[in-house]
file run.txt (compact mmCIF, C-alpha atoms)
# COMPACT_ATOMS: atom_id res chain seq x y z
CA MET G 1 109.15 84.42 125.18
CA LEU G 2 105.98 84.16 123.10
CA GLN G 3 105.03 87.32 121.27
CA PRO G 4 101.73 88.85 122.42
CA ALA G 5 98.80 89.15 120.05
CA VAL G 6 98.33 92.52 118.36
CA VAL G 7 94.95 94.02 117.46
CA MET G 8 95.22 96.97 115.08
CA LEU G 9 92.22 99.32 115.00
CA SER G 10 93.23 100.55 111.60
CA GLY G 11 90.78 103.13 110.28
CA ILE G 12 91.02 101.85 106.67
CA ARG G 13 90.04 98.76 104.69
CA TRP G 14 92.70 96.13 104.11
CA ASP G 15 92.29 96.47 100.33
CA PHE G 16 92.52 100.29 100.40
CA LEU G 17 95.66 102.13 99.25
CA TRP G 18 98.64 100.22 100.69
CA GLN G 19 100.08 102.35 103.48
CA ARG G 20 101.33 102.52 107.04
CA HIS G 21 98.49 100.54 108.64
CA GLN G 22 98.84 97.45 106.44
CA ILE G 23 102.64 97.67 106.39
CA LEU G 24 103.02 97.74 110.17
CA ALA G 25 100.43 94.96 110.57
CA THR G 26 102.41 92.85 108.10
CA HIS G 27 105.65 93.51 109.98
CA PHE G 28 104.05 92.52 113.28
CA ALA G 29 102.87 89.23 111.76
CA ARG G 30 106.26 88.50 110.19
CA ALA G 31 107.94 89.16 113.54
CA GLY G 32 105.82 86.45 115.16
CA TYR G 33 103.02 88.51 116.70
CA PRO G 34 99.59 86.96 115.97
CA THR G 35 97.95 90.00 114.36
CA VAL G 36 94.33 90.99 113.80
CA PHE G 37 93.82 93.90 111.40
CA VAL G 38 90.46 95.51 112.21
CA GLU G 39 89.10 97.41 109.23
CA THR G 40 87.61 100.87 109.54
CA THR G 41 84.87 101.56 112.07
CA GLY G 42 84.12 104.86 110.34
CA LEU G 43 85.16 108.45 110.83
CA SER G 44 82.32 110.39 109.19
CA ASN G 45 78.87 109.63 107.82
CA PRO G 46 79.31 108.23 104.28
CA ARG G 47 77.41 109.53 101.27
CA VAL G 48 74.67 107.11 100.28
CA ASN G 49 75.41 105.97 96.73
CA ARG G 50 75.95 102.76 94.80
CA LYS G 51 79.63 102.53 95.77
CA THR G 52 78.81 102.97 99.46
CA LEU G 53 76.09 100.33 99.30
CA ARG G 54 78.53 97.86 97.72
CA LYS G 55 80.96 98.49 100.58
CA VAL G 56 78.21 97.95 103.14
CA ALA G 57 77.20 94.69 101.47
CA ALA G 58 80.81 93.50 101.49
CA ARG G 59 81.16 94.50 105.14
CA ILE G 60 78.04 92.55 106.13
CA SER G 61 79.23 89.46 104.24
CA HIS G 62 82.60 89.52 106.04
CA SER G 63 81.49 90.75 109.46
CA GLY G 64 81.52 88.56 112.52
CA ARG G 65 84.49 86.47 111.41
CA GLY G 66 88.08 86.95 110.47
CA ARG G 67 89.39 86.26 107.03
CA THR G 68 92.92 85.23 106.28
CA VAL G 69 95.16 87.02 103.81
CA GLU G 70 98.34 85.89 102.12
CA GLU G 71 100.46 86.91 105.12
CA PRO G 72 100.81 84.04 107.66
CA GLY G 73 99.82 85.03 111.17
CA LEU G 74 97.60 87.90 110.03
CA THR G 75 93.81 87.95 110.13
CA VAL G 76 91.60 90.70 108.72
CA TYR G 77 88.35 91.44 110.55
CA ALA G 78 85.51 93.62 109.21
CA PRO G 79 83.53 95.07 112.15
CA LEU G 80 79.83 95.73 111.71
CA VAL G 81 79.23 99.08 113.44
CA PHE G 82 77.57 102.38 112.62
CA PRO G 83 79.63 105.50 111.79
CA PRO G 84 80.45 107.45 114.97
CA PRO G 85 79.16 111.03 114.37
CA HIS G 86 75.45 110.40 115.07
CA GLY G 87 74.34 110.18 118.71
CA ALA G 88 71.77 107.44 118.11
CA PHE G 89 74.32 105.38 116.19
CA ARG G 90 76.75 105.72 119.10
CA ARG G 91 74.22 104.36 121.55
CA ILE G 92 73.50 101.35 119.34
CA ASN G 93 77.21 100.79 118.86
CA ARG G 94 77.98 100.92 122.57
CA LYS G 95 75.07 98.76 123.73
CA VAL G 96 74.75 96.23 120.90
CA LEU G 97 77.37 96.25 118.15
CA VAL G 98 80.65 97.02 119.95
CA PRO G 99 80.17 94.19 122.49
CA ARG G 100 79.70 91.77 119.58
CA VAL G 101 82.86 93.02 117.90
CA VAL G 102 84.80 92.72 121.15
CA ARG G 103 83.66 89.11 121.58
CA ASP G 104 84.77 88.30 118.03
CA LEU G 105 88.14 89.96 118.49
CA LYS G 106 88.82 88.17 121.77
CA LYS G 107 88.16 84.86 120.00
CA LEU G 108 90.69 85.81 117.33
CA SER G 109 93.38 87.36 119.53
CA GLY G 110 92.86 85.92 122.97
CA PRO G 111 92.61 88.05 126.13
CA ASN G 112 94.48 91.29 126.75
CA PRO G 113 96.17 91.90 123.40
CA VAL G 114 98.46 94.76 122.51
CA VAL G 115 96.23 97.33 120.77
CA VAL G 116 97.48 99.75 118.12
CA ALA G 117 94.86 102.47 117.59
CA TYR G 118 94.32 104.94 114.75
CA PRO G 119 91.11 107.01 114.44
CA PRO G 120 90.46 108.55 117.88
CA THR G 121 86.68 108.15 117.76
CA ARG G 122 84.24 107.13 120.48
CA THR G 123 83.92 103.74 118.77
CA THR G 124 87.68 103.21 119.02
CA LEU G 125 87.62 104.12 122.71
CA ASP G 126 84.73 101.73 123.38
CA LEU G 127 86.56 98.91 121.59
CA ILE G 128 89.69 99.57 123.64
CA SER G 129 87.68 99.43 126.86
CA GLY G 130 86.20 96.09 125.87
CA LEU G 131 89.50 94.57 124.74
CA GLU G 132 91.28 95.48 128.00
CA PRO G 133 94.70 95.66 126.33
CA ARG G 134 97.89 94.79 128.12
CA LEU G 135 99.40 97.76 126.29
CA LEU G 136 97.89 100.53 124.14
CA LEU G 137 99.77 102.40 121.40
CA TYR G 138 98.15 105.41 119.73
CA ASP G 139 99.83 105.83 116.34
CA CYS G 140 98.86 109.43 115.52
CA SER G 141 99.00 109.72 111.73
CA GLU G 142 96.51 112.49 110.87
CA ASN G 143 95.16 115.80 112.09
CA TYR G 144 91.68 114.32 112.41
CA GLU G 145 90.06 117.64 113.31
CA GLY G 146 90.62 118.74 109.72
CA PHE G 147 88.58 115.96 108.10
CA PRO G 148 85.13 116.94 106.81
CA GLY G 149 82.19 115.34 108.57
CA VAL G 150 84.08 114.05 111.61
CA PRO G 151 82.33 113.87 115.00
CA ARG G 152 82.07 117.25 116.71
CA ASP G 153 83.86 115.91 119.75
CA ILE G 154 86.83 114.42 117.85
CA ALA G 155 89.26 116.72 119.71
CA LEU G 156 87.86 115.54 123.05
CA THR G 157 87.98 111.85 122.15
CA GLU G 158 91.52 112.25 120.84
CA ARG G 159 92.59 113.83 124.12
CA GLU G 160 91.01 110.91 125.96
CA LEU G 161 92.92 108.45 123.76
CA LEU G 162 96.15 110.38 124.36
CA ARG G 163 95.62 110.15 128.11
CA ARG G 164 94.77 106.44 128.04
CA ALA G 165 97.56 105.31 125.71
CA ASP G 166 100.67 103.74 127.21
CA LEU G 167 102.66 104.90 124.18
CA VAL G 168 102.09 107.60 121.57
CA SER G 169 103.90 107.73 118.23
CA CYS G 170 103.47 110.47 115.62
CA THR G 171 104.17 110.30 111.91
CA SER G 172 105.25 113.93 111.39
CA PRO G 173 106.89 116.75 113.38
CA PRO G 174 103.73 118.93 113.36
CA LEU G 175 101.68 116.09 114.85
CA LEU G 176 104.36 115.51 117.46
CA GLU G 177 104.29 119.18 118.44
CA LYS G 178 100.50 119.04 118.66
CA VAL G 179 100.41 116.16 121.17
CA LYS G 180 103.51 117.14 123.19
CA PRO G 181 101.65 119.36 125.71
CA LEU G 182 99.55 116.36 126.77
CA ARG G 183 102.10 113.64 126.01
CA PRO G 184 105.68 114.92 126.37
CA ASP G 185 106.85 111.29 126.04
CA ALA G 186 105.44 110.94 122.50
CA PHE G 187 107.99 109.99 119.86
CA LEU G 188 108.40 110.48 116.12
CA ASN G 189 107.97 107.48 113.81
CA GLY G 190 107.59 108.75 110.27
CA PRO G 191 106.96 107.01 106.96
CA GLY G 192 109.30 104.36 105.62
CA VAL G 193 110.06 102.52 102.40
CA ASP G 194 110.51 99.01 101.09
CA TYR G 195 113.88 100.14 99.79
CA GLU G 196 114.79 97.24 97.51
CA ARG G 197 111.43 97.44 95.77
CA PHE G 198 111.96 101.02 94.61
CA ALA G 199 115.74 100.95 94.23
CA VAL G 200 115.29 99.00 90.98
CA LEU G 201 114.39 102.34 89.35
CA GLN G 202 117.80 103.86 90.07
CA GLU G 203 119.77 104.85 86.97
CA ASP G 204 123.45 105.55 86.37
CA ARG G 205 122.99 109.19 85.44
CA PHE G 206 120.33 111.86 85.02
CA ALA G 207 119.67 113.28 81.55
CA GLU G 208 116.58 115.51 81.36
CA VAL G 209 112.96 115.53 82.44
CA ARG G 210 110.39 114.41 79.92
CA THR G 211 108.03 112.44 82.17
CA VAL G 212 107.09 113.33 85.75
CA GLY G 213 105.30 110.95 88.06
CA PHE G 214 102.87 111.11 90.97
CA PHE G 215 101.43 108.09 92.74
CA GLY G 216 98.93 107.85 95.56
CA HIS G 217 95.29 108.64 96.19
CA LEU G 218 94.12 111.42 93.87
CA GLU G 219 91.94 113.63 96.04
CA ASP G 220 91.20 117.31 95.42
CA GLY G 221 91.35 118.16 99.12
CA ARG G 222 95.03 117.25 99.24
CA VAL G 223 96.52 117.20 95.73
CA ASP G 224 97.20 120.45 93.84
CA PHE G 225 95.65 119.53 90.49
CA ASP G 226 96.26 123.04 89.14
CA ALA G 227 100.01 122.43 89.44
CA LEU G 228 99.71 119.05 87.71
CA ARG G 229 97.65 120.57 84.90
CA THR G 230 100.16 123.40 84.46
CA ILE G 231 103.04 120.91 84.26
CA ALA G 232 101.22 118.89 81.59
CA GLU G 233 100.26 121.98 79.58
CA ALA G 234 103.92 123.05 79.60
CA GLY G 235 104.82 119.96 77.57
CA PHE G 236 105.79 117.43 80.21
CA GLN G 237 104.17 114.00 80.32
CA VAL G 238 102.44 113.57 83.69
CA ARG G 239 102.02 109.94 84.73
CA LEU G 240 99.52 109.33 87.55
CA VAL G 241 99.07 106.06 89.44
CA GLY G 242 96.53 105.59 92.22
CA GLY G 243 92.91 105.50 93.28
CA LEU G 244 90.48 108.26 92.34
CA GLY G 245 88.75 110.43 94.89
CA ARG G 246 87.36 113.85 94.00
CA VAL G 247 89.13 115.04 90.85
CA PRO G 248 88.40 118.33 89.00
CA ARG G 249 86.08 117.85 86.06
CA GLY G 250 88.00 117.30 82.83
CA PHE G 251 91.39 117.00 84.50
CA LEU G 252 92.10 113.42 83.38
CA GLY G 253 91.46 114.48 79.79
CA THR G 254 94.19 117.13 79.88
CA PRO G 255 96.71 116.54 77.06
CA GLY G 256 99.87 115.09 78.56
CA VAL G 257 98.12 113.54 81.58
CA ASN G 258 98.41 109.76 81.53
CA TYR G 259 96.34 108.10 84.26
CA LEU G 260 97.23 104.42 84.74
CA GLY G 261 94.70 103.67 87.46
CA GLU G 262 95.33 101.95 90.75
CA VAL G 263 97.91 99.15 90.79
CA PRO G 264 99.04 96.80 93.59
CA HIS G 265 101.91 98.23 95.61
CA ALA G 266 104.27 95.47 94.46
CA ARG G 267 103.71 96.54 90.84
CA LEU G 268 104.31 100.25 91.42
CA PRO G 269 107.95 100.21 90.20
CA ALA G 270 106.85 98.68 86.90
CA ALA G 271 104.14 101.34 86.53
CA LEU G 272 106.69 104.07 87.25
CA ALA G 273 109.41 102.85 84.90
CA GLY G 274 110.52 105.66 82.61
CA VAL G 275 109.59 108.46 85.02
CA ASP G 276 112.41 111.03 85.12
CA ALA G 277 111.35 112.99 88.22
CA PHE G 278 108.64 112.82 90.86
CA VAL G 279 106.37 115.66 91.92
CA LEU G 280 104.54 115.95 95.23
CA PRO G 281 102.19 118.91 94.68
CA TYR G 282 99.95 119.35 97.71
CA ARG G 283 97.38 121.91 98.68
CA VAL G 284 98.45 123.61 101.89
CA ASN G 285 95.60 123.33 104.40
CA VAL G 286 94.81 122.11 107.90
CA LEU G 287 95.00 118.48 106.75
CA THR G 288 98.18 118.57 104.71
CA ARG G 289 100.25 120.75 107.05
CA SER G 290 100.40 117.83 109.47
CA ILE G 291 101.16 114.98 107.08
CA SER G 292 104.42 113.35 106.19
CA PRO G 293 103.58 111.83 102.79
CA ALA G 294 103.94 108.05 102.82
CA LYS G 295 105.46 108.10 99.34
CA THR G 296 108.35 110.43 100.28
CA TYR G 297 111.04 107.82 100.84
CA GLU G 298 109.67 105.62 98.08
CA CYS G 299 110.38 108.46 95.64
CA LEU G 300 113.81 109.12 97.16
CA ALA G 301 114.75 105.43 96.96
CA THR G 302 114.63 105.65 93.17
CA GLY G 303 117.43 108.23 93.28
CA LYS G 304 115.40 110.44 90.96
CA PRO G 305 114.80 114.13 91.73
CA VAL G 306 111.72 114.99 93.77
CA VAL G 307 109.96 118.37 93.55
CA ALA G 308 107.49 119.02 96.36
CA THR G 309 105.28 121.58 98.04
CA PRO G 310 107.09 122.85 101.18
CA LEU G 311 104.93 121.07 103.75
CA PRO G 312 106.74 121.12 107.13
CA ALA G 313 107.72 117.44 106.98
CA LEU G 314 109.08 117.84 103.43
CA ALA G 315 110.85 121.14 104.09
CA GLU G 316 112.85 119.40 106.83
CA LEU G 317 114.45 117.13 104.23
CA GLY G 318 116.61 120.03 103.11
CA GLY G 319 118.57 119.52 99.91
CA HIS G 320 117.20 116.03 99.31
CA VAL G 321 113.96 117.51 97.92
CA TYR G 322 113.47 120.51 95.62
CA LEU G 323 110.76 122.79 97.03
CA ALA G 324 108.15 124.62 94.94
CA ARG G 325 105.44 126.86 96.39
CA ASN G 326 103.23 127.09 93.31
CA ALA G 327 102.75 125.84 89.76
CA GLY G 328 105.22 128.36 88.36
CA GLU G 329 107.96 127.23 90.72
CA PHE G 330 107.29 123.57 89.89
CA LEU G 331 107.87 124.40 86.22
CA GLU G 332 110.99 126.43 86.98
CA VAL G 333 112.57 123.60 88.97
CA LEU G 334 111.63 120.89 86.46
CA ARG G 335 113.14 122.91 83.61
CA SER G 336 116.33 123.50 85.62
CA LEU G 337 116.98 119.93 86.76
CA GLY G 338 119.35 119.26 83.87
CA LYS G 339 121.72 121.85 85.39
CA LEU G 340 120.96 121.16 89.06
CA GLU G 341 121.24 117.40 89.19
CA THR G 342 124.43 115.46 90.02
CA GLU G 343 125.21 111.79 90.60
CA GLU G 344 126.10 112.67 94.19
CA LYS G 345 122.61 114.09 94.82
CA ALA G 346 121.02 110.91 93.46
CA ARG G 347 123.22 108.75 95.72
CA ASP G 348 122.42 110.91 98.75
CA ARG G 349 118.66 110.61 98.14
CA ALA G 350 118.91 106.84 97.87
CA ALA G 351 121.08 106.64 100.99
CA LEU G 352 118.56 108.68 102.99
CA ALA G 353 115.76 106.37 101.87
CA ARG G 354 117.75 103.29 102.88
CA GLU G 355 118.19 104.77 106.38
CA ASN G 356 114.40 105.15 106.64
CA SER G 357 113.21 101.70 105.60
CA TRP G 358 110.06 100.13 107.01
CA ASP G 359 112.28 97.61 108.77
CA VAL G 360 113.85 100.49 110.69
CA ARG G 361 110.46 102.06 111.44
CA PHE G 362 109.07 98.77 112.75
CA GLN G 363 112.13 98.18 114.92
CA GLU G 364 111.56 101.58 116.52
CA ILE G 365 107.92 100.72 117.26
CA GLU G 366 108.79 97.25 118.55
CA ALA G 367 111.52 98.57 120.84
CA ALA G 368 109.10 101.10 122.31
CA LEU G 369 106.50 98.38 122.94
CA TRP G 370 108.95 96.05 124.67
CA SER G 371 110.17 98.90 126.86
CA ARG G 372 106.69 98.86 128.42
CA LEU G 373 105.69 95.17 128.26
call {"tool": "encode", "arguments": {"input": "run.txt", "output": "structure tokens"}}
result
Amino acid sequence: MLQPAVVMLSGIRWDFLWQRHQILATHFARAGYPTVFVETTGLSNPRVNRKTLRKVAARISHSGRGRTVEEPGLTVYAPLVFPPPHGAFRRINRKVLVPRVVRDLKKLSGPNPVVVAYPPTRTTLDLISGLEPRLLLYDCSENYEGFPGVPRDIALTERELLRRADLVSCTSPPLLEKVKPLRPDAFLNGPGVDYERFAVLQEDRFAEVRTVGFFGHLEDGRVDFDALRTIAEAGFQVRLVGGLGRVPRGFLGTPGVNYLGEVPHARLPAALAGVDAFVLPYRVNVLTRSISPAKTYECLATGKPVVATPLPALAELGGHVYLARNAGEFLEVLRSLGKLETEEKARDRAALARENSWDVRFQEIEAALWSRL
């Protein structure tokens, strides 16, 4: 049987931080599903600055046609639409821009594709209506109500998407609990890992912590920079890899903080070579309480110790992750790892990561889809 086409309404740009959206799209393409990755249609009104204008110019240059990427069977499409919060923008989207996008997507995917949806905005709902999918999966990966600047009716449009979806997957237990009253059939499909890529960092034995690592998007709304600064000021080397969002003034100049910038996902292991332990210091707020950090199993696959803020999804990992509620506890754990660590713990972390590979996650999604096709 021929695999149906898949249209992914992703919510991010293809060249943004490599994460769940791009990974699942790549797996669909490799499994033989002709896949169209639709870049973000917006979630909030962007700030008008030089960086935003460059993005708009790039979007206009790519809009109206798909562009191929290195992955066979996968096309990236940049939709030209207005952000969804403003009422006038919505009317223009619905009457003029969304119909054009739908026509383009139907040319790329054919009629009645499988649609995988992310941001539950009015624009997403309008695109779904136009595409007339044979099956709709809502992959709930964020607590969108917690984002600044989102449409006022985001809770209403998410409920509409939950009702319309044939399948609902959630990336963390808190998100699953949130949608269960409306969708008791929703299922958990958390983050995964390209295990072999990160397993190259495994070592025979643990000695002591000199260098700690954090990789991912550096954004003040999520990352606890006070904890990172405290760790660096205590004498540890703090290696940071990832894109820059809002970062406290002067933080990158802190002695002991070594910022390597953003690197392609395939080169992450090389950038992390020499890291003795990983830290996942998060602010605890309405956004982070619902996340299951994408990097969790990537860190565990290295076999190295991981010290993390006790977000619900991380606390459930039990003894595989050391939990720290504040900067002082991060320091206490890091200084104690020489006594706490064993070869058995390192093997158990790596084994847990292997059990949660992206291959496993995709197989779960694919099985759910075929149960309804």
call {"tool": "closest_residue", "arguments": {"input": "run.txt", "among": "G:Val193, G:Val238, G:Leu2, G:Ala367", "to": "Gly253 (chain G)", "atoms": "all atoms listed in the file"}}
result
G:Val238
call {"tool": "residues_around", "arguments": {"input": "run.txt", "residues": "Leu136 (chain G)", "least_positions_apart": "4", "cutoff": "6 Å", "atoms": "all atoms listed in the file", "output": "list in words"}}
result
Val115, Ala165 and Asp166 of chain G
call {"tool": "residues_around", "arguments": {"input": "run.txt", "residues": "Thr211 (chain G)", "least_positions_apart": "6", "cutoff": "9 Å", "atoms": "all atoms listed in the file", "output": "PDB file with C-alpha atoms, keeping the file's coordinate frame"}}
result
ATOM      1  CA  PHE G 236     105.790 117.430  80.210  1.00  0.00           C
ATOM      2  CA  GLN G 237     104.170 114.000  80.320  1.00  0.00           C
ATOM      3  CA  VAL G 238     102.440 113.570  83.690  1.00  0.00           C
ATOM      4  CA  ARG G 239     102.020 109.940  84.730  1.00  0.00           C
ATOM      5  CA  GLY G 274     110.520 105.660  82.610  1.00  0.00           C
ATOM      6  CA  VAL G 275     109.590 108.460  85.020  1.00  0.00           C
ATOM      7  CA  ASP G 276     112.410 111.030  85.120  1.00  0.00           C
ATOM      8  CA  ALA G 277     111.350 112.990  88.220  1.00  0.00           C
ATOM      9  CA  PHE G 278     108.640 112.820  90.860  1.00  0.00           C
TER      10      PHE G 278
END
call {"tool": "residues_around", "arguments": {"input": "run.txt", "residues": "region 323-334 of chain G", "least_positions_apart": "6", "cutoff": "7 Å", "atoms": "all atoms listed in the file", "output": "list in words"}}
result
Val209, Ala227, Thr230, Ile231, Val307, Ala308, Thr309 and Pro310 of chain G
call {"tool": "closest_atom_pairs", "arguments": {"input": "run.txt", "of": "region 85-153 of chain G", "to": "region 6-26 of chain G", "cutoff": "10 Å", "atoms": "only C-alpha atoms", "output": "JSON lines"}}
result
{"residue": "G:Leu105", "atom": "CA", "partner": "G:Val7", "partner_atom": "CA", "distance": 8.0}
{"residue": "G:Lys106", "atom": "CA", "partner": "G:Val7", "partner_atom": "CA", "distance": 9.5}
{"residue": "G:Leu108", "atom": "CA", "partner": "G:Val7", "partner_atom": "CA", "distance": 9.3}
{"residue": "G:Ser109", "atom": "CA", "partner": "G:Val7", "partner_atom": "CA", "distance": 7.1}
{"residue": "G:Gly110", "atom": "CA", "partner": "G:Val6", "partner_atom": "CA", "distance": 9.7}
{"residue": "G:Asn112", "atom": "CA", "partner": "G:Val6", "partner_atom": "CA", "distance": 9.3}
{"residue": "G:Pro113", "atom": "CA", "partner": "G:Val6", "partner_atom": "CA", "distance": 5.5}
{"residue": "G:Val114", "atom": "CA", "partner": "G:Val6", "partner_atom": "CA", "distance": 4.7}
{"residue": "G:Val115", "atom": "CA", "partner": "G:Val7", "partner_atom": "CA", "distance": 4.9}
{"residue": "G:Val116", "atom": "CA", "partner": "G:Met8", "partner_atom": "CA", "distance": 4.7}
{"residue": "G:Ala117", "atom": "CA", "partner": "G:Leu9", "partner_atom": "CA", "distance": 4.9}
{"residue": "G:Tyr118", "atom": "CA", "partner": "G:Ser10", "partner_atom": "CA", "distance": 5.5}
{"residue": "G:Pro119", "atom": "CA", "partner": "G:Gly11", "partner_atom": "CA", "distance": 5.7}
{"residue": "G:Pro120", "atom": "CA", "partner": "G:Gly11", "partner_atom": "CA", "distance": 9.3}
{"residue": "G:Thr121", "atom": "CA", "partner": "G:Gly11", "partner_atom": "CA", "distance": 9.9}
{"residue": "G:Thr124", "atom": "CA", "partner": "G:Leu9", "partner_atom": "CA", "distance": 7.2}
{"residue": "G:Leu127", "atom": "CA", "partner": "G:Leu9", "partner_atom": "CA", "distance": 8.7}
{"residue": "G:Ile128", "atom": "CA", "partner": "G:Leu9", "partner_atom": "CA", "distance": 9.0}
{"residue": "G:Leu131", "atom": "CA", "partner": "G:Val7", "partner_atom": "CA", "distance": 9.1}
{"residue": "G:Pro133", "atom": "CA", "partner": "G:Val7", "partner_atom": "CA", "distance": 9.0}
{"residue": "G:Leu135", "atom": "CA", "partner": "G:Val6", "partner_atom": "CA", "distance": 9.6}
{"residue": "G:Leu136", "atom": "CA", "partner": "G:Val7", "partner_atom": "CA", "distance": 9.8}
{"residue": "G:Leu137", "atom": "CA", "partner": "G:Met8", "partner_atom": "CA", "distance": 9.5}
{"residue": "G:Tyr138", "atom": "CA", "partner": "G:Leu9", "partner_atom": "CA", "distance": 9.7}
{"residue": "G:Asp139", "atom": "CA", "partner": "G:His21", "partner_atom": "CA", "distance": 9.4}
{"residue": "G:Ser141", "atom": "CA", "partner": "G:Arg20", "partner_atom": "CA", "distance": 8.9}
call {"tool": "axis_aligned_box", "arguments": {"input": "run.txt", "around": "region 99-108 of chain G", "padding_each_side": "4 Å", "output": "JSON"}}
result
{"center_x": 85.2, "center_y": 89.5, "center_z": 119.9, "size_x": 19.0, "size_y": 17.3, "size_z": 13.2}
call {"tool": "residues_around", "arguments": {"input": "run.txt", "residues": "region 356-364 of chain G", "least_positions_apart": "5", "cutoff": "8 Å", "atoms": "all atoms listed in the file", "output": "list in words"}}
result
Ile23, Leu24, His27, Asn189, Gly190, Pro191, Gly192, Val193, Asp194, Tyr195 and Tyr297 of chain G
call {"tool": "write_last_selection", "arguments": {"input": "run.txt", "atoms": "C-alpha atoms", "output": "mmCIF file, in the frame of the given file"}}
result
data_model
loop_
_atom_site.group_PDB
_atom_site.id
_atom_site.type_symbol
_atom_site.label_atom_id
_atom_site.label_comp_id
_atom_site.auth_asym_id
_atom_site.auth_seq_id
_atom_site.Cartn_x
_atom_site.Cartn_y
_atom_site.Cartn_z
ATOM 1 C CA ILE G 23 102.640 97.670 106.390
ATOM 2 C CA LEU G 24 103.020 97.740 110.170
ATOM 3 C CA HIS G 27 105.650 93.510 109.980
ATOM 4 C CA ASN G 189 107.970 107.480 113.810
ATOM 5 C CA GLY G 190 107.590 108.750 110.270
ATOM 6 C CA PRO G 191 106.960 107.010 106.960
ATOM 7 C CA GLY G 192 109.300 104.360 105.620
ATOM 8 C CA VAL G 193 110.060 102.520 102.400
ATOM 9 C CA ASP G 194 110.510 99.010 101.090
ATOM 10 C CA TYR G 195 113.880 100.140 99.790
ATOM 11 C CA TYR G 297 111.040 107.820 100.840
#
call {"tool": "closest_residue", "arguments": {"input": "run.txt", "among": "G:Arg283, G:Arg152, G:Arg100, G:Lys295", "to": "Gly221 (chain G)", "atoms": "all atoms listed in the file"}}
result
G:Arg283
call {"tool": "closest_residue", "arguments": {"input": "run.txt", "among": "G:Pro174, G:Gly73, G:Pro84, G:Gly130", "to": "Val98 (chain G)", "atoms": "all atoms listed in the file"}}
result
G:Gly130
call {"tool": "closest_residue", "arguments": {"input": "run.txt", "among": "G:Arg163, G:Arg91, G:Arg122, G:His320", "to": "Arg349 (chain G)", "atoms": "only C-alpha atoms"}}
result
G:His320
call {"tool": "atom_distance", "arguments": {"input": "run.txt", "atom1": "CA of Asp224 (chain G)", "atom2": "CA of Gly146 (chain G)"}}
result
17.3 Å
call {"tool": "atom_distance", "arguments": {"input": "run.txt", "atom1": "CA of Leu161 (chain G)", "atom2": "CA of Ala31 (chain G)"}}
result
26.5 Å
call {"tool": "residues_around", "arguments": {"input": "run.txt", "residues": "region 268-273 of chain G", "least_positions_apart": "5", "cutoff": "7 Å", "atoms": "only C-alpha atoms", "output": "number ranges by chain"}}
result
G: 198, 201, 263
call {"tool": "atom_distance", "arguments": {"input": "run.txt", "atom1": "CA of Trp370 (chain G)", "atom2": "CA of Thr35 (chain G)"}}
result
16.2 Å
call {"tool": "closest_residue", "arguments": {"input": "run.txt", "among": "G:Thr296, G:Asn285, G:Thr302, G:Ser336", "to": "Leu317 (chain G)", "atoms": "all atoms listed in the file"}}
result
G:Thr296
call {"tool": "closest_residue", "arguments": {"input": "run.txt", "among": "G:Pro34, G:Leu218, G:Leu125, G:Arg210", "to": "Ile154 (chain G)", "atoms": "all atoms listed in the file"}}
result
G:Leu125
